Every structure is written in structure tokens, then in C-alpha cells.
$ cat model-v1.pdb   # PDB, C-alpha atoms
MODEL        1
ATOM      1  CA  MET R   1       8.239 -24.389  -2.519
ATOM      2  CA  THR R   2       4.566 -25.241  -2.016
ATOM      3  CA  TYR R   3       2.267 -23.208   0.217
ATOM      4  CA  GLU R   4      -1.307 -23.652   1.384
ATOM      5  CA  PRO R   5      -3.559 -20.670   0.531
ATOM      6  CA  ALA R   6      -4.806 -18.636   3.481
ATOM      7  CA  PRO R   7      -8.396 -19.226   4.633
ATOM      8  CA  PHE R   8     -10.609 -16.252   3.769
ATOM      9  CA  PHE R   9     -11.941 -15.455   7.257
ATOM     10  CA  ARG R  10      -8.500 -15.702   8.851
ATOM     11  CA  ARG R  11      -7.176 -13.378   6.163
ATOM     12  CA  LEU R  12     -10.053 -10.946   6.768
ATOM     13  CA  ALA R  13      -9.416 -11.038  10.536
ATOM     14  CA  ALA R  14      -5.710 -10.328   9.918
ATOM     15  CA  ARG R  15      -6.647  -7.305   7.770
ATOM     16  CA  ILE R  16      -8.928  -5.974  10.537
ATOM     17  CA  LEU R  17      -6.139  -6.436  13.099
ATOM     18  CA  ASP R  18      -3.674  -4.661  10.807
ATOM     19  CA  LEU R  19      -6.067  -1.734  10.333
ATOM     20  CA  THR R  20      -6.437  -1.507  14.123
ATOM     21  CA  PHE R  21      -2.652  -1.488  14.587
ATOM     22  CA  CYS R  22      -2.422   1.118  11.826
ATOM     23  CA  LEU R  23      -4.878   3.432  13.602
ATOM     24  CA  VAL R  24      -2.889   3.149  16.840
ATOM     25  CA  LEU R  25       0.367   3.875  15.008
ATOM     26  CA  THR R  26      -1.320   6.822  13.244
ATOM     27  CA  PHE R  27      -1.863   8.497  16.618
ATOM     28  CA  VAL R  28       1.795   7.916  17.506
ATOM     29  CA  VAL R  29       2.893   9.428  14.172
ATOM     30  CA  ALA R  30       0.495  12.366  14.696
ATOM     31  CA  ILE R  31       2.663  13.751  17.509
ATOM     32  CA  PRO R  32       5.715  14.700  15.406
ATOM     33  CA  VAL R  33       3.660  15.459  12.292
ATOM     34  CA  GLY R  34       1.322  17.678  14.333
ATOM     35  CA  LEU R  35       4.280  19.780  15.486
ATOM     36  CA  VAL R  36       4.820  20.731  11.827
ATOM     37  CA  VAL R  37       1.246  20.728  10.493
ATOM     38  CA  LEU R  38      -0.464  22.758  13.251
ATOM     39  CA  PRO R  39       1.702  25.892  12.817
ATOM     40  CA  VAL R  40       1.244  25.639   9.031
ATOM     41  CA  ALA R  41      -2.546  25.361   9.485
ATOM     42  CA  VAL R  42      -2.608  28.436  11.727
ATOM     43  CA  ALA R  43      -0.426  30.381   9.285
ATOM     44  CA  ALA R  44      -2.621  29.342   6.342
ATOM     45  CA  GLY R  45      -5.628  31.100   7.836
ATOM     46  CA  GLU R  46      -9.227  30.002   8.253
ATOM     47  CA  SER R  47      -9.863  29.427   4.550
ATOM     48  CA  ALA R  48      -7.158  26.751   4.198
ATOM     49  CA  GLU R  49      -6.941  25.491   7.795
ATOM     50  CA  ASP R  50      -9.296  22.523   7.289
ATOM     51  CA  ALA R  51      -7.487  21.423   4.120
ATOM     52  CA  VAL R  52      -4.085  21.547   5.847
ATOM     53  CA  LEU R  53      -5.364  19.593   8.864
ATOM     54  CA  THR R  54      -7.029  16.999   6.623
ATOM     55  CA  PHE R  55      -3.805  16.601   4.662
ATOM     56  CA  GLY R  56      -1.905  16.208   7.948
ATOM     57  CA  ALA R  57      -4.283  13.483   9.136
ATOM     58  CA  TRP R  58      -3.974  11.572   5.846
ATOM     59  CA  LEU R  59      -0.187  11.984   5.959
ATOM     60  CA  CYS R  60      -0.085  10.414   9.447
ATOM     61  CA  TYR R  61      -2.248   7.506   8.310
ATOM     62  CA  PHE R  62      -0.173   7.028   5.150
ATOM     63  CA  ILE R  63       3.125   6.976   7.084
ATOM     64  CA  ALA R  64       1.709   4.420   9.526
ATOM     65  CA  TYR R  65       0.269   2.300   6.709
ATOM     66  CA  VAL R  66       3.540   2.280   4.760
ATOM     67  CA  GLY R  67       5.389   1.234   7.908
ATOM     68  CA  LEU R  68       3.016  -1.635   8.608
ATOM     69  CA  GLU R  69       2.212  -2.800   5.073
ATOM     70  CA  VAL R  70       5.528  -2.267   3.261
ATOM     71  CA  PHE R  71       8.397  -2.323   5.741
ATOM     72  CA  LEU R  72       6.974  -5.085   7.935
ATOM     73  CA  LEU R  73       6.145  -7.298   4.950
ATOM     74  CA  MET R  74       9.764  -7.043   3.831
ATOM     75  CA  ARG R  75      11.367  -7.267   7.283
ATOM     76  CA  ARG R  76       9.169  -9.829   9.077
ATOM     77  CA  ASP R  77       9.322 -12.460   6.357
ATOM     78  CA  GLY R  78       6.036 -11.438   4.763
ATOM     79  CA  GLN R  79       4.119 -11.016   8.012
ATOM     80  CA  THR R  80       2.408  -7.864   9.138
ATOM     81  CA  LEU R  81       1.462  -7.822  12.820
ATOM     82  CA  GLY R  82      -2.033  -9.199  12.154
ATOM     83  CA  LYS R  83      -0.832 -11.836   9.709
ATOM     84  CA  GLY R  84       1.857 -12.960  12.142
ATOM     85  CA  LEU R  85      -0.611 -13.322  15.012
ATOM     86  CA  LEU R  86      -3.011 -15.364  12.847
ATOM     87  CA  GLY R  87      -0.408 -17.544  11.127
ATOM     88  CA  LEU R  88      -0.376 -16.013   7.644
ATOM     89  CA  ARG R  89       2.390 -14.774   5.374
ATOM     90  CA  VAL R  90       2.664 -12.895   2.051
ATOM     91  CA  VAL R  91       4.988 -14.550  -0.458
ATOM     92  CA  PRO R  92       5.778 -14.020  -4.148
ATOM     93  CA  ALA R  93       3.392 -16.015  -6.336
ATOM     94  CA  GLY R  94       6.001 -17.648  -8.571
ATOM     95  CA  GLU R  95       6.618 -21.327  -7.907
ATOM     96  CA  TRP R  96      10.390 -20.820  -7.842
ATOM     97  CA  ALA R  97      10.471 -17.213  -6.595
ATOM     98  CA  ARG R  98      12.451 -16.182  -3.550
ATOM     99  CA  PRO R  99      10.268 -16.528  -0.446
ATOM    100  CA  ARG R 100      10.668 -12.860   0.552
ATOM    101  CA  LEU R 101       8.626  -9.980  -0.896
ATOM    102  CA  ALA R 102      10.663  -7.244  -2.603
ATOM    103  CA  PRO R 103      10.037  -3.489  -2.058
ATOM    104  CA  GLY R 104       8.249  -2.989  -5.410
ATOM    105  CA  PRO R 105       5.569  -5.653  -4.947
ATOM    106  CA  ALA R 106       5.097  -4.683  -1.278
ATOM    107  CA  THR R 107       4.498  -1.065  -2.348
ATOM    108  CA  ILE R 108       2.078  -2.073  -5.125
ATOM    109  CA  ARG R 109       0.059  -4.176  -2.639
ATOM    110  CA  MET R 110      -0.073  -1.306  -0.166
ATOM    111  CA  LEU R 111      -1.181   1.291  -2.735
ATOM    112  CA  ILE R 112      -3.961  -0.897  -4.169
ATOM    113  CA  ILE R 113      -5.301  -1.506  -0.657
ATOM    114  CA  PHE R 114      -4.826   2.108   0.552
ATOM    115  CA  LEU R 115      -5.865   4.308  -2.390
ATOM    116  CA  PRO R 116      -9.557   3.313  -2.591
ATOM    117  CA  PHE R 117     -10.016   4.597   0.969
ATOM    118  CA  VAL R 118      -8.295   7.881   0.080
ATOM    119  CA  PHE R 119     -10.541   8.399  -2.933
ATOM    120  CA  MET R 120     -13.679   7.464  -0.997
ATOM    121  CA  SER R 121     -12.739   9.997   1.675
ATOM    122  CA  LEU R 122     -12.020  12.717  -0.883
ATOM    123  CA  SER R 123     -15.296  11.987  -2.633
ATOM    124  CA  GLY R 124     -17.134  12.410   0.665
ATOM    125  CA  SER R 125     -15.307  15.687   1.310
ATOM    126  CA  TYR R 126     -16.145  17.055  -2.158
ATOM    127  CA  PRO R 127     -19.556  15.529  -3.040
ATOM    128  CA  GLU R 128     -20.035  17.871  -6.005
ATOM    129  CA  SER R 129     -16.977  16.443  -7.810
ATOM    130  CA  ALA R 130     -18.092  13.917 -10.422
ATOM    131  CA  PRO R 131     -14.506  12.777 -11.252
ATOM    132  CA  LEU R 132     -13.792  12.031  -7.585
ATOM    133  CA  ASP R 133     -17.112  10.186  -7.294
ATOM    134  CA  GLY R 134     -16.159   8.065 -10.298
ATOM    135  CA  ILE R 135     -12.707   7.267  -8.911
ATOM    136  CA  ALA R 136     -14.241   6.455  -5.507
ATOM    137  CA  MET R 137     -16.727   4.082  -7.141
ATOM    138  CA  ALA R 138     -13.858   2.394  -8.999
ATOM    139  CA  GLY R 139     -12.107   1.985  -5.624
ATOM    140  CA  VAL R 140     -15.210   0.420  -4.086
ATOM    141  CA  PHE R 141     -15.455  -1.916  -7.087
ATOM    142  CA  VAL R 142     -11.796  -2.979  -6.727
ATOM    143  CA  SER R 143     -12.336  -3.643  -3.004
ATOM    144  CA  LEU R 144     -15.442  -5.757  -3.691
ATOM    145  CA  VAL R 145     -13.689  -7.705  -6.465
ATOM    146  CA  SER R 146     -10.790  -8.332  -4.043
ATOM    147  CA  LEU R 147     -13.188  -9.755  -1.466
ATOM    148  CA  VAL R 148     -14.765 -12.065  -4.031
ATOM    149  CA  LEU R 149     -11.413 -13.238  -5.431
ATOM    150  CA  ALA R 150     -10.075 -13.934  -1.926
ATOM    151  CA  THR R 151     -13.040 -16.258  -1.260
ATOM    152  CA  LEU R 152     -12.673 -18.357  -4.417
ATOM    153  CA  PRO R 153     -11.300 -21.852  -3.806
ATOM    154  CA  GLY R 154      -7.819 -22.554  -5.059
ATOM    155  CA  ARG R 155      -5.303 -19.752  -4.876
ATOM    156  CA  ARG R 156      -7.521 -17.101  -3.216
ATOM    157  CA  ARG R 157      -5.661 -14.092  -4.598
ATOM    158  CA  ALA R 158      -7.163 -10.588  -4.287
ATOM    159  CA  VAL R 159      -6.589  -7.755  -6.788
ATOM    160  CA  HIS R 160      -3.573  -6.467  -4.844
ATOM    161  CA  ASP R 161      -2.097  -9.998  -4.858
ATOM    162  CA  LEU R 162      -2.543 -10.319  -8.617
ATOM    163  CA  ALA R 163      -1.043  -6.873  -9.296
ATOM    164  CA  ALA R 164       1.949  -7.477  -7.004
ATOM    165  CA  ARG R 165       2.352 -11.119  -8.058
ATOM    166  CA  SER R 166       2.019 -12.233  -4.462
ATOM    167  CA  ARG R 167      -0.230 -14.505  -2.437
ATOM    168  CA  VAL R 168      -1.224 -14.933   1.193
ATOM    169  CA  VAL R 169      -0.464 -18.376   2.616
ATOM    170  CA  ARG R 170      -0.512 -20.239   5.910
ATOM    171  CA  ALA R 171       2.628 -19.840   8.042
ATOM    172  CA  PRO R 172       3.747 -20.351  11.640
ATOM    173  CA  ARG R 173       2.220 -17.883  14.085
ATOM    174  CA  ARG R 174       4.461 -15.105  15.366
ATOM    175  CA  ARG R 175       4.222 -13.009  18.517
ATOM    176  CA  ILE R 176       4.532  -9.256  18.497
ATOM    177  CA  GLU R 177       7.826  -8.035  19.915
ATOM    178  CA  LEU R 178       6.846  -4.409  20.322
ATOM    179  CA  LYS R 179      10.278  -2.793  20.467
ATOM    180  CA  LYS R 180      11.744  -4.701  17.510
ATOM    181  CA  ASP R 181       8.572  -4.617  15.424
ATOM    182  CA  LEU R 182       8.081  -0.872  15.866
ATOM    183  CA  LEU R 183      11.670  -0.261  14.763
ATOM    184  CA  MET R 184      10.975  -2.317  11.638
ATOM    185  CA  THR R 185       8.163   0.052  10.606
ATOM    186  CA  LEU R 186      10.729   2.831  10.121
ATOM    187  CA  PRO R 187      12.779   3.402   6.981
ATOM    188  CA  GLY R 188      16.451   2.526   7.278
ATOM    189  CA  LYS R 189      18.524  -0.520   8.048
ATOM    190  CA  VAL R 190      16.719  -3.856   8.092
ATOM    191  CA  ASP R 191      16.736  -5.634  11.454
ATOM    192  CA  LEU R 192      18.301  -8.986  10.569
ATOM    193  CA  SER R 193      17.451 -10.509  13.946
ATOM    194  CA  LYS R 194      13.878 -11.208  12.757
ATOM    195  CA  ARG R 195      14.897 -13.132   9.659
ATOM    196  CA  SER R 196      14.823 -16.894   9.815
TER     197      SER R 196
ENDMDL
END

$ encode --input "model-v1.pdb" --output "C-alpha cells"
Amino acid sequence: MTYEPAPFFRRLAARILDLTFCLVLTFVVAIPVGLVVLPVAVAAGESAEDAVLTFGAWLCYFIAYVGLEVFLLMRRDGQTLGKGLLGLRVVPAGEWARPRLAPGPATIRMLIIFLPFVFMSLSGSYPESAPLDGIAMAGVFVSLVSLVLATLPGRRRAVHDLAARSRVVRAPRRRIELKKDLLMTLPGKVDLSKRS
């Protein structure tokens, strides 16, 4: 099956939309996670309270990001909310591959996109740590290389696309159906009503 590569600026706009949706979902996830993390932070005492709260915040963001970047890619035919709104889709890169992304490649994509931000944040929290600074710089480098690769004519595949053997292509636009789409961000049974 042949696909047309996604235009760079539309892909960038979809990523910004997805990050916005992820921040909103993070606040939703923070309610149940906060019920567990806040008592632990209080019990840990003043010396460890900040570390526990920071871990809780990252946990909320990670849960939201996994829901949007892994589960939705698998359950909405390769479309996150932002990609669906802007008419993009993530598909396996192989010419004869199945058109749906499997859990492994979806997870690899998500981790390569997510981890540089974690390491940059940790580096900022512990500025005296040379190893964290080095890892954060590697994350910045990977992000910059991804931007450059996504702009190159032809296939326009970023680092996370190359690692996961996927690519972002043009697709029909898709509306957000809040109730169904939110359910698809949760682990469990796949909602077959969204599959075409």
C-alpha cells in the first residue's frame, strides 16, 4: 500500500496538539494518583516530600502520555487525537506490512519522544550531576535530529520513526469522540467500533 509522507508543519502542529491533550489528561490522571501520592509525601517527611511529589507529577504525565501515544495509536488506526484532527496517521514503514501499528513499535516511538524530556527535567533538578547533564544533552540532540529528519524531502522519518520502523503519512481527518476516545486511552479491551 502506498502512502504520502506527512508535511512537516502539519506533523509539528499535530505534535503540539497532542502535547496539549496530554497536559489536560495529566490533570485528570492527577486526581486518583494524588489520592495515593499525597499521603505518601506527607508520611515521607519534609526531606523526601519534594521528591515524592515530583515523582507523582511525572507518573501522571507518563500515564497520560502512554494512553495518548501508545493505546490511541493502536486503537484509532494509527491516529492520536492531534494526528486525527489534522489528517495524519502512523503506519508501519514496510511496503507490505499490516497497516496497523503493533504494541512494541508504538511503545518504542513513545519512549524515544518522552524520555528526552524526562532527562532534561532531571538535569534541571540536579544541575550538579554531570551524567544527567550528558544524558539530557543526548536527548536534546536526538530531538533536534528528529526535527531535521522530519523536514527532509522524501520519507520524512524522525528518529522515533526509524527506531520503531514506522512513518507518519497523510490520512482522512477524524473528529474527536470524547467518550470513546478517552476509553481508548485506558489499558484493557480494544474498542472495535473505531476500527475501519

$ resolve_selection --input "model-v1.pdb" --expression "the PyMOL selection byres ((chain R and resi 111-124) around 9)" --output "PyMOL selection string"
chain R and resi 58+62+65-66+106-110+125-140+142-143+159-160+163

$ write_last_selection --input "model-v1.pdb" --atoms "C-alpha atoms" --output "PDB file, in the frame of the given file"
ATOM      1  CA  TRP R  58      -3.974  11.572   5.846  1.00  0.00           C
ATOM      2  CA  PHE R  62      -0.173   7.028   5.150  1.00  0.00           C
ATOM      3  CA  TYR R  65       0.269   2.300   6.709  1.00  0.00           C
ATOM      4  CA  VAL R  66       3.540   2.280   4.760  1.00  0.00           C
ATOM      5  CA  ALA R 106       5.097  -4.683  -1.278  1.00  0.00           C
ATOM      6  CA  THR R 107       4.498  -1.065  -2.348  1.00  0.00           C
ATOM      7  CA  ILE R 108       2.078  -2.073  -5.125  1.00  0.00           C
ATOM      8  CA  ARG R 109       0.059  -4.176  -2.639  1.00  0.00           C
ATOM      9  CA  MET R 110      -0.073  -1.306  -0.166  1.00  0.00           C
ATOM     10  CA  SER R 125     -15.307  15.687   1.310  1.00  0.00           C
ATOM     11  CA  TYR R 126     -16.145  17.055  -2.158  1.00  0.00           C
ATOM     12  CA  PRO R 127     -19.556  15.529  -3.040  1.00  0.00           C
ATOM     13  CA  GLU R 128     -20.035  17.871  -6.005  1.00  0.00           C
ATOM     14  CA  SER R 129     -16.977  16.443  -7.810  1.00  0.00           C
ATOM     15  CA  ALA R 130     -18.092  13.917 -10.422  1.00  0.00           C
ATOM     16  CA  PRO R 131     -14.506  12.777 -11.252  1.00  0.00           C
ATOM     17  CA  LEU R 132     -13.792  12.031  -7.585  1.00  0.00           C
ATOM     18  CA  ASP R 133     -17.112  10.186  -7.294  1.00  0.00           C
ATOM     19  CA  GLY R 134     -16.159   8.065 -10.298  1.00  0.00           C
ATOM     20  CA  ILE R 135     -12.707   7.267  -8.911  1.00  0.00           C
ATOM     21  CA  ALA R 136     -14.241   6.455  -5.507  1.00  0.00           C
ATOM     22  CA  MET R 137     -16.727   4.082  -7.141  1.00  0.00           C
ATOM     23  CA  ALA R 138     -13.858   2.394  -8.999  1.00  0.00           C
ATOM     24  CA  GLY R 139     -12.107   1.985  -5.624  1.00  0.00           C
ATOM     25  CA  VAL R 140     -15.210   0.420  -4.086  1.00  0.00           C
ATOM     26  CA  VAL R 142     -11.796  -2.979  -6.727  1.00  0.00           C
ATOM     27  CA  SER R 143     -12.336  -3.643  -3.004  1.00  0.00           C
ATOM     28  CA  VAL R 159      -6.589  -7.755  -6.788  1.00  0.00           C
ATOM     29  CA  HIS R 160      -3.573  -6.467  -4.844  1.00  0.00           C
ATOM     30  CA  ALA R 163      -1.043  -6.873  -9.296  1.00  0.00           C
TER      31      ALA R 163
END

$ atom_distance --input "model-v1.pdb" --atom1 "CA of Val70 in chain R" --atom2 "CA of Pro103 in chain R"
7.1 Å

$ closest_residue --input "model-v1.pdb" --among "R:Met74, R:Pro32, R:Leu81, R:Leu88" --to "Gly56 in chain R" --atoms "only C-alpha atoms"
R:Pro32

$ atom_distance --input "model-v1.pdb" --atom1 "CA of Asp181 in chain R" --atom2 "CA of Val24 in chain R"
13.9 Å

$ atom_distance --input "model-v1.pdb" --atom1 "CA of Ile63 in chain R" --atom2 "CA of Gly84 in chain R"
20.6 Å

$ residues_around --input "model-v1.pdb" --residues "Leu23 in chain R" --least-positions-apart "2" --cutoff "12 Å" --atoms "only C-alpha atoms" --output "PyMOL selection string"
chain R and resi 16-21+25-30+57-58+60-65+67-68

$ closest_residue --input "model-v1.pdb" --among "R:Ala41, R:Leu101, R:Phe55, R:Glu46" --to "Glu69 in chain R" --atoms "only C-alpha atoms"
R:Leu101

$ closest_residue --input "model-v1.pdb" --among "R:Pro39, R:Gly87, R:Pro92, R:Pro7" --to "Asp161 in chain R" --atoms "only C-alpha atoms"
R:Pro92

$ resolve_selection --input "model-v1.pdb" --expression "the PyMOL selection byres ((chain R and resi 157) around 10)" --output "PyMOL selection string"
chain R and resi 5-6+8+93+146-156+158-163+165-169

$ write_last_selection --input "model-v1.pdb" --atoms "C-alpha atoms" --output "PDB file, keeping the file's coordinate frame"
ATOM      1  CA  PRO R   5      -3.559 -20.670   0.531  1.00  0.00           C
ATOM      2  CA  ALA R   6      -4.806 -18.636   3.481  1.00  0.00           C
ATOM      3  CA  PHE R   8     -10.609 -16.252   3.769  1.00  0.00           C
ATOM      4  CA  ALA R  93       3.392 -16.015  -6.336  1.00  0.00           C
ATOM      5  CA  SER R 146     -10.790  -8.332  -4.043  1.00  0.00           C
ATOM      6  CA  LEU R 147     -13.188  -9.755  -1.466  1.00  0.00           C
ATOM      7  CA  VAL R 148     -14.765 -12.065  -4.031  1.00  0.00           C
ATOM      8  CA  LEU R 149     -11.413 -13.238  -5.431  1.00  0.00           C
ATOM      9  CA  ALA R 150     -10.075 -13.934  -1.926  1.00  0.00           C
ATOM     10  CA  THR R 151     -13.040 -16.258  -1.260  1.00  0.00           C
ATOM     11  CA  LEU R 152     -12.673 -18.357  -4.417  1.00  0.00           C
ATOM     12  CA  PRO R 153     -11.300 -21.852  -3.806  1.00  0.00           C
ATOM     13  CA  GLY R 154      -7.819 -22.554  -5.059  1.00  0.00           C
ATOM     14  CA  ARG R 155      -5.303 -19.752  -4.876  1.00  0.00           C
ATOM     15  CA  ARG R 156      -7.521 -17.101  -3.216  1.00  0.00           C
ATOM     16  CA  ALA R 158      -7.163 -10.588  -4.287  1.00  0.00           C
ATOM     17  CA  VAL R 159      -6.589  -7.755  -6.788  1.00  0.00           C
ATOM     18  CA  HIS R 160      -3.573  -6.467  -4.844  1.00  0.00           C
ATOM     19  CA  ASP R 161      -2.097  -9.998  -4.858  1.00  0.00           C
ATOM     20  CA  LEU R 162      -2.543 -10.319  -8.617  1.00  0.00           C
ATOM     21  CA  ALA R 163      -1.043  -6.873  -9.296  1.00  0.00           C
ATOM     22  CA  ARG R 165       2.352 -11.119  -8.058  1.00  0.00           C
ATOM     23  CA  SER R 166       2.019 -12.233  -4.462  1.00  0.00           C
ATOM     24  CA  ARG R 167      -0.230 -14.505  -2.437  1.00  0.00           C
ATOM     25  CA  VAL R 168      -1.224 -14.933   1.193  1.00  0.00           C
ATOM     26  CA  VAL R 169      -0.464 -18.376   2.616  1.00  0.00           C
TER      27      VAL R 169
END

$ closest_residue --input "model-v1.pdb" --among "R:Leu73, R:Leu144, R:Ile31, R:Leu178" --to "Gly104 in chain R" --atoms "only C-alpha atoms"
R:Leu73

$ closest_residue --input "model-v1.pdb" --among "R:Gly45, R:Pro105, R:Gly82, R:Gly34" --to "Arg173 in chain R" --atoms "all atoms listed in the file"
R:Gly82
